[in-house]
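Asks: Here you go, this is final.cif (mmCIF, C-alpha atoms).
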data_run
loop_
_atom_site.label_atom_id
_atom_site.label_comp_id
_atom_site.auth_asym_id
_atom_site.auth_seq_id
_atom_site.Cartn_x
_atom_site.Cartn_y
_atom_site.Cartn_z
CA ARG A 239 0.00 0.00 0.00
CA ASP A 240 1.01 3.61 -0.61
CA ILE A 241 3.93 2.65 -2.83
CA ASN A 242 4.41 4.10 -6.32
CA LEU A 243 5.15 0.70 -7.84
CA LYS A 244 5.16 2.05 -11.39
CA GLU A 245 7.85 4.61 -10.56
CA LYS A 246 10.04 2.14 -8.65
CA ILE A 247 9.98 -0.51 -11.38
CA SER A 248 10.51 2.08 -14.11
CA LEU A 249 13.59 3.51 -12.35
CA LYS A 250 14.99 0.04 -11.62
CA PHE A 251 14.73 -1.27 -15.18
CA LYS A 252 14.94 2.10 -16.97
CA THR A 253 11.93 1.36 -19.14
CA PRO A 254 8.35 2.70 -19.33
CA VAL A 255 6.01 0.79 -17.03
CA PHE A 256 2.22 0.52 -17.13
CA ILE A 257 0.20 -1.02 -14.32
CA GLU A 258 -3.39 -2.08 -14.94
CA ASN A 259 -6.10 -4.45 -13.72
CA ASN A 260 -5.77 -7.83 -15.45
CA VAL A 261 -9.41 -7.91 -16.63
CA ASN A 262 -9.09 -4.43 -18.11
CA LEU A 263 -5.99 -5.63 -19.93
CA ALA A 264 -7.85 -8.66 -21.25
CA ALA A 265 -10.64 -6.39 -22.51
CA TRP A 266 -8.08 -4.20 -24.26
CA ALA A 267 -6.48 -7.24 -25.87
CA GLU A 268 -9.84 -8.48 -27.14
CA LYS A 269 -10.56 -5.01 -28.48
CA ASN A 270 -7.32 -4.85 -30.45
CA TYR A 271 -6.52 -8.46 -31.31
CA GLY A 272 -9.54 -10.63 -30.52
CA ARG A 273 -13.30 -10.76 -30.94
CA GLY A 274 -13.72 -7.05 -30.33
CA LYS A 275 -11.72 -5.82 -33.31
CA ASP A 276 -13.48 -2.93 -35.07
CA ILE A 277 -16.21 -2.81 -32.39
CA ALA A 278 -16.47 0.38 -30.31
CA ASN A 279 -18.52 -0.95 -27.40
CA ILE A 280 -17.56 -4.25 -25.80
CA VAL A 281 -17.49 -5.96 -22.42
CA PHE A 282 -14.96 -8.62 -21.49
CA LEU A 283 -16.47 -10.78 -18.75
CA GLU A 284 -13.98 -12.82 -16.74
CA ILE A 285 -15.54 -15.82 -14.97
CA SER A 286 -12.83 -17.62 -13.00
CA ASN A 287 -12.22 -17.85 -9.26
CA GLY A 288 -13.65 -14.35 -9.23
CA ILE A 289 -15.91 -12.41 -11.60
CA ALA A 290 -15.15 -9.02 -13.14
CA ALA A 291 -15.77 -7.04 -16.31
CA GLY A 292 -13.50 -4.96 -18.50
CA ILE A 293 -15.62 -2.31 -20.20
CA ILE A 294 -14.81 -0.41 -23.39
CA ILE A 295 -17.21 2.35 -24.43
CA ASP A 296 -16.70 4.33 -27.65
CA ASN A 297 -13.23 2.75 -27.95
CA ILE A 298 -12.20 4.01 -24.48
CA LEU A 299 -11.41 1.73 -21.53
CA LEU A 300 -13.84 2.65 -18.75
CA LYS A 301 -12.05 2.76 -15.39
CA GLY A 302 -14.20 4.97 -13.15
CA GLU A 303 -13.24 7.44 -10.44
CA ASN A 304 -11.09 5.03 -8.43
CA GLY A 305 -10.47 2.31 -10.99
CA PHE A 306 -13.32 0.12 -9.74
CA ALA A 307 -15.49 0.18 -12.87
CA GLY A 308 -16.48 -3.36 -13.83
CA GLU A 309 -16.10 -4.95 -10.37
CA ILE A 310 -19.37 -6.80 -10.85
CA GLY A 311 -18.28 -9.64 -8.60
CA PHE A 312 -19.68 -7.55 -5.75
CA THR A 313 -23.11 -7.35 -7.39
CA ILE A 314 -26.08 -8.26 -5.18
CA VAL A 315 -28.61 -10.12 -7.31
CA ASN A 316 -31.50 -10.49 -4.87
CA THR A 317 -33.14 -8.47 -2.09
CA GLU A 318 -32.52 -11.13 0.55
CA ASN A 319 -28.77 -10.50 0.41
CA LEU A 320 -28.69 -6.71 0.57
CA GLY A 321 -25.93 -5.82 3.01
CA PHE A 322 -23.96 -8.97 2.19
CA LYS A 323 -20.61 -8.61 3.95
CA ALA A 324 -17.90 -8.84 1.31
CA VAL A 325 -14.33 -9.19 2.51
CA ASN A 326 -12.32 -10.78 -0.30
CA LYS A 327 -15.11 -12.06 -2.53
CA GLY A 328 -18.35 -10.36 -3.44
CA PHE A 329 -21.76 -12.01 -3.48
CA LEU A 330 -21.81 -12.82 -7.20
CA GLU A 331 -18.34 -14.34 -7.32
CA LYS A 332 -18.90 -16.30 -4.12
CA PHE A 333 -21.96 -18.03 -5.56
CA ALA A 334 -21.54 -17.85 -9.35
CA SER A 335 -17.81 -18.15 -10.06
CA VAL A 336 -16.14 -21.35 -11.25
CA THR A 337 -14.86 -21.87 -7.70
CA GLY A 338 -18.37 -21.20 -6.40
CA ILE A 339 -19.67 -24.25 -8.29
CA LYS A 340 -17.14 -26.46 -6.55
CA ASN A 341 -17.62 -24.98 -3.07
CA GLN A 342 -21.40 -25.27 -3.20
CA ILE A 343 -21.47 -28.93 -4.16
CA ILE A 344 -18.86 -29.85 -1.54
CA LYS A 345 -20.96 -28.06 1.08
CA ALA A 346 -24.08 -29.95 -0.07
CA ILE A 347 -22.25 -33.31 0.06
CA LYS A 348 -21.08 -32.58 3.59
CA GLU A 349 -24.71 -31.86 4.50
CA GLY A 350 -25.64 -35.35 3.31
CA LYS A 351 -27.12 -34.61 -0.12
CA LYS A 352 -26.79 -37.37 -2.72
CA THR A 353 -24.95 -36.83 -5.97
CA MET A 354 -22.95 -38.87 -8.47
CA VAL A 355 -20.26 -36.19 -8.25
CA ILE A 356 -18.71 -37.93 -5.27
CA ASP A 357 -18.57 -41.21 -7.24
CA LEU A 358 -16.95 -39.47 -10.21
CA ALA A 359 -14.40 -38.03 -7.78
CA GLU A 360 -13.60 -41.49 -6.43
CA ASN A 361 -15.19 -40.69 -3.04
CA ASN A 362 -12.58 -38.01 -2.42
CA LEU A 363 -13.79 -34.46 -1.79
CA ASP A 364 -10.34 -33.14 -2.64
CA LYS A 365 -10.68 -34.52 -6.17
CA ILE A 366 -13.94 -32.66 -6.91
CA GLU A 367 -13.38 -30.11 -9.66
CA PRO A 368 -15.84 -27.96 -11.63
CA TYR A 369 -15.43 -30.08 -14.78
CA ILE A 370 -16.63 -33.15 -12.86
CA ILE A 371 -19.73 -31.25 -11.72
CA CYS A 372 -20.50 -30.27 -15.32
CA LYS A 373 -20.09 -33.87 -16.42
CA ALA A 374 -22.47 -35.03 -13.68
CA ALA A 375 -25.02 -32.40 -14.71
CA ILE A 376 -24.99 -33.59 -18.32
CA MET A 377 -25.46 -37.14 -17.02
CA GLY A 378 -28.62 -36.00 -15.23
CA ASP A 379 -27.40 -35.51 -11.67
CA GLU A 380 -30.10 -33.59 -9.82
CA LEU A 381 -27.87 -31.71 -7.37
CA ALA A 382 -25.30 -30.69 -9.98
CA ASN A 383 -28.05 -29.37 -12.24
CA GLU A 384 -29.70 -27.48 -9.38
CA ILE A 385 -26.47 -25.69 -8.47
CA ILE A 386 -25.61 -24.86 -12.09
CA LYS A 387 -29.14 -23.55 -12.76
CA ASN A 388 -28.85 -21.20 -9.78
CA ILE A 389 -25.49 -19.98 -11.07
CA VAL A 390 -27.03 -19.37 -14.50
CA LYS A 391 -29.74 -17.21 -12.88
CA PHE A 392 -27.21 -15.16 -10.90
CA LEU A 393 -24.99 -14.59 -13.94
CA SER A 394 -27.99 -13.77 -16.11
CA ILE A 395 -29.14 -11.01 -13.75
CA ALA A 396 -25.66 -9.48 -13.64
CA ILE A 397 -25.24 -9.61 -17.43
CA ILE A 398 -28.73 -8.24 -18.07
CA ASN A 399 -27.96 -5.26 -15.83
CA LEU A 400 -24.65 -4.70 -17.62
CA ILE A 401 -26.42 -4.70 -20.98
CA LEU A 402 -29.09 -2.26 -19.81
CA ILE A 403 -26.56 0.18 -18.36
CA ILE A 404 -23.79 -0.03 -20.98
CA ASN A 405 -25.51 -1.24 -24.17
CA PRO A 406 -22.48 -3.04 -25.62
CA LYS A 407 -22.36 -4.50 -29.10
CA LEU A 408 -20.48 -7.58 -27.90
CA ILE A 409 -19.88 -9.46 -24.65
CA ILE A 410 -16.76 -11.63 -24.65
CA ILE A 411 -16.54 -14.31 -22.00
CA GLY A 412 -13.18 -15.53 -20.76
CA GLY A 413 -11.45 -16.99 -17.73
CA TYR A 414 -11.51 -20.49 -16.26
CA ILE A 415 -15.03 -20.98 -17.59
CA LEU A 416 -13.43 -21.65 -20.98
CA ASN A 417 -12.02 -24.92 -19.62
CA LEU A 418 -15.39 -26.34 -18.52
CA PRO A 419 -16.99 -29.10 -20.62
CA TYR A 420 -20.52 -28.53 -21.93
CA LYS A 421 -20.23 -24.81 -21.14
CA ASN A 422 -22.58 -23.91 -23.98
CA GLU A 423 -25.30 -26.38 -23.01
CA LEU A 424 -25.12 -25.78 -19.26
CA LEU A 425 -24.25 -22.10 -18.99
CA ILE A 426 -24.13 -19.88 -22.05
CA ASN A 427 -27.25 -21.03 -23.91
CA PRO A 428 -29.49 -20.79 -20.81
CA ILE A 429 -28.02 -17.34 -20.04
CA LYS A 430 -28.80 -16.20 -23.59
CA ASP A 431 -32.37 -17.47 -23.18
CA PHE A 432 -32.85 -15.42 -20.00
CA ILE A 433 -31.37 -12.34 -21.68
CA GLU A 434 -33.62 -12.67 -24.73
CA LYS A 435 -36.70 -13.04 -22.53
CA SER A 436 -35.78 -10.11 -20.31
CA ILE A 437 -34.58 -7.38 -22.70
CA PRO A 438 -37.10 -5.93 -25.17
CA PHE A 439 -34.56 -4.57 -27.66
CA GLU A 440 -31.56 -5.84 -29.61
CA ILE A 441 -29.19 -7.77 -27.37
CA PRO A 442 -25.40 -7.98 -27.82
CA ASP A 443 -23.63 -10.96 -29.27
CA ILE A 444 -22.11 -13.22 -26.61
CA GLU A 445 -18.95 -15.07 -27.62
CA PHE A 446 -16.04 -16.85 -25.98
CA SER A 447 -12.59 -15.30 -25.94
CA VAL A 448 -10.21 -16.45 -28.69
CA LEU A 449 -7.17 -15.23 -26.77
CA GLY A 450 -7.77 -17.44 -23.74
CA GLU A 451 -5.25 -17.27 -20.90
CA ASP A 452 -2.97 -14.97 -22.92
CA ALA A 453 -5.51 -12.13 -23.05
CA ALA A 454 -4.23 -10.13 -20.07
CA ILE A 455 -0.55 -10.29 -21.01
CA ILE A 456 -1.35 -9.38 -24.63
CA GLY A 457 -3.36 -6.41 -23.35
#
Please go through the file and, once you have read it, give me the structure as structure tokens.
Replies:
Amino acid sequence: RDINLKEKISLKFKTPVFIENNVNLAAWAEKNYGRGKDIANIVFLEISNGIAAGIIIDNILLKGENGFAGEIGFTIVNTENLGFKAVNKGFLEKFASVTGIKNQIIKAIKEGKKTMVIDLAENNLDKIEPYIICKAAIMGDELANEIIKNIVKFLSIAIINLILIINPKLIIIGGYILNLPYKNELLINPIKDFIEKSIPFEIPDIEFSVLGEDAAIIG
């Protein structure tokens, strides 16, 4: 805290230094080298252990007064959780991130709920990973589907609000979500359905990042 990191690194290595939020950098990369080329208004939505958005409006990276523009991981998506105490993770990223999928099903298993996820993980909670939960959902597991459907609803509300406030031409989705199997069937297609039913005008295209894990460093 209270250290001019940019200045110190620049003096040490005698080269220009730029410091920026990794999701903003990913958005800038997508704008210049990825899906967002030649599009003035885009949102890069990172869904990983956390959730955040990099926002470009009229070809300008939107940062806000204190650099917190796009921190949608702290979004409250229902009235019951107003006042949710966020320390490191906000409400949305606690319950709708890739890590949130894993944490919720482990909690449910510990509470005695039945699921084939534990069988797929060889009866070892430490081996449960989000991809296993997606596989179980496709195979018809009731608990896995219930958790994923709730996540879809949370993400849909957040994305709908983003669209209504920003009106982007394109939403690019990146992060660990790209590594999940059946991500279209379980997550993206249902989210698109909710968006289409909820917004009465033209909605943005929603596409996956083509730059993947390299997006931030390219930006």
Asks: Please provide as a ChimeraX atom specification all residues within 10 Å of segment 357-367 of chain A, with the sequence filter that same-chain residues fewer than 2 positions apart are discarded (counting all atoms listed in the file).
Replies: /A:336-337,339-341,343-344,347-348,353-355,369-374,418
Asks: Between atom CA of Pro428 of chain A and atom CA of Phe446 of chain A, what is the distance in Å, rounded to a tenth?
Replies: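 Distance reported for this atom pair: 14.9 Å.
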Asks: Name the residues that the PyMOL selection byres ((chain A and resi 424) around 10) picks from the file above, as a ChimeraX atom specification, using the file's chain letters and numbers.
Replies: /A:372-373,375-376,383,386-387,390,418-423,425-429
Asks: What are the centre and edge lengths in Å, to one decimal, of the axis-aligned box around all listed atoms of segment 325-340 of chain A with 3 Å added on each side, as AutoDock Vina command-line options?
Replies:
--center_x -17.1 --center_y -17.8 --center_z -4.4 --size_x 15.6 --size_y 23.3 --size_z 19.8
Asks: What does the structure give for the distance between atom CA of Lys301 of chain A and atom CA of Leu449 of chain A, in Å to one decimal?
Replies: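 Answer for the atom CA of Lys301 of chain A to atom CA of Leu449 of chain A separation: 21.8 Å.
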Asks: May I have a table of the residues of segment 261-280 of chain A lying at most 9 Å from segment 395-416 of chain A, giving each one's closest pair of atoms and their distance in Å to one decimal, counting all atoms listed in the file, ordered by chain and ascending residue number, as JSON lines?
Replies:
{"residue": "A:Ala264", "atom": "CA", "partner": "A:Gly412", "partner_atom": "CA", "distance": 8.7}
{"residue": "A:Ala265", "atom": "CA", "partner": "A:Ile410", "partner_atom": "CA", "distance": 8.3}
{"residue": "A:Glu268", "atom": "CA", "partner": "A:Ile410", "partner_atom": "CA", "distance": 8.0}
{"residue": "A:Arg273", "atom": "CA", "partner": "A:Ile410", "partner_atom": "CA", "distance": 7.2}
{"residue": "A:Gly274", "atom": "CA", "partner": "A:Leu408", "partner_atom": "CA", "distance": 7.2}
{"residue": "A:Ile277", "atom": "CA", "partner": "A:Lys407", "partner_atom": "CA", "distance": 7.2}
{"residue": "A:Ala278", "atom": "CA", "partner": "A:Lys407", "partner_atom": "CA", "distance": 7.7}
{"residue": "A:Asn279", "atom": "CA", "partner": "A:Pro406", "partner_atom": "CA", "distance": 4.8}
{"residue": "A:Ile280", "atom": "CA", "partner": "A:Leu408", "partner_atom": "CA", "distance": 4.9}
Asks: Between A:Ile257, A:Ile356, A:Val448, A:Leu393, which is the closest to Lys244 of chain A once you count all atoms listed in the file?
Replies: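 Selected residue with least distance to Lys244 of chain A: A:Ile257.
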Asks: Which residues, written as a PyMOL selection string, have at least one atom at most 12 Å from segment 322-329 of chain A, with all atoms listed in the file counted and residues fewer than 5 positions away on the same chain left out?
Replies: chain A and resi 287-290+309-317+334-335+337-338+389+392-393+396
Asks: How many Å separate atom CA of Ile433 of chain A from atom CA of Ala454 of chain A?
Replies: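 Atom-to-atom, atom CA of Ile433 of chain A to atom CA of Ala454 of chain A, that is 27.3 Å.
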Asks: Which residue is closest to Ala307 of chain A? Choose from A:Leu381, A:Ile293, A:Asn260, A:Asn242 and count all atoms listed in the file.
Replies: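 Ranked by minimum distance to Ala307 of chain A, first place goes to A:Ile293.
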Asks: Could you rebuild segment 375-390 of chain A with N, CA and C atoms and give it back as a short mmCIF file (atom, residue, chain, number, x, y, z; two decimals), in the frame of the given file?
Replies:
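Final file, out_20.cif:
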data_model
loop_
_atom_site.label_atom_id
_atom_site.label_comp_id
_atom_site.auth_asym_id
_atom_site.auth_seq_id
_atom_site.Cartn_x
_atom_site.Cartn_y
_atom_site.Cartn_z
N ALA A 375 -23.79 -33.09 -14.31
CA ALA A 375 -25.02 -32.40 -14.71
C ALA A 375 -25.52 -32.91 -16.05
N ILE A 376 -24.61 -33.08 -17.00
CA ILE A 376 -24.99 -33.59 -18.32
C ILE A 376 -25.53 -35.01 -18.21
N MET A 377 -25.02 -35.76 -17.23
CA MET A 377 -25.46 -37.14 -17.02
C MET A 377 -26.78 -37.20 -16.24
N GLY A 378 -27.31 -36.04 -15.88
CA GLY A 378 -28.62 -36.00 -15.23
C GLY A 378 -28.62 -35.90 -13.73
N ASP A 379 -27.46 -35.61 -13.13
CA ASP A 379 -27.40 -35.51 -11.67
C ASP A 379 -28.24 -34.33 -11.19
N GLU A 380 -29.14 -34.60 -10.26
CA GLU A 380 -30.10 -33.59 -9.82
C GLU A 380 -29.42 -32.44 -9.07
N LEU A 381 -28.52 -32.75 -8.16
CA LEU A 381 -27.87 -31.71 -7.37
C LEU A 381 -26.96 -30.84 -8.23
N ALA A 382 -26.19 -31.46 -9.10
CA ALA A 382 -25.30 -30.69 -9.98
C ALA A 382 -26.10 -29.74 -10.86
N ASN A 383 -27.21 -30.22 -11.40
CA ASN A 383 -28.05 -29.37 -12.24
C ASN A 383 -28.68 -28.23 -11.45
N GLU A 384 -29.09 -28.52 -10.22
CA GLU A 384 -29.70 -27.48 -9.38
C GLU A 384 -28.71 -26.34 -9.11
N ILE A 385 -27.49 -26.70 -8.76
CA ILE A 385 -26.47 -25.69 -8.47
C ILE A 385 -26.13 -24.89 -9.72
N ILE A 386 -25.96 -25.56 -10.85
CA ILE A 386 -25.61 -24.86 -12.09
C ILE A 386 -26.75 -23.95 -12.54
N LYS A 387 -28.00 -24.38 -12.38
CA LYS A 387 -29.14 -23.55 -12.76
C LYS A 387 -29.21 -22.28 -11.92
N ASN A 388 -28.88 -22.39 -10.64
CA ASN A 388 -28.85 -21.20 -9.78
C ASN A 388 -27.75 -20.24 -10.22
N ILE A 389 -26.59 -20.80 -10.59
CA ILE A 389 -25.49 -19.98 -11.07
C ILE A 389 -25.87 -19.26 -12.36
N VAL A 390 -26.55 -19.97 -13.24
CA VAL A 390 -27.03 -19.37 -14.50
C VAL A 390 -27.93 -18.18 -14.20
#
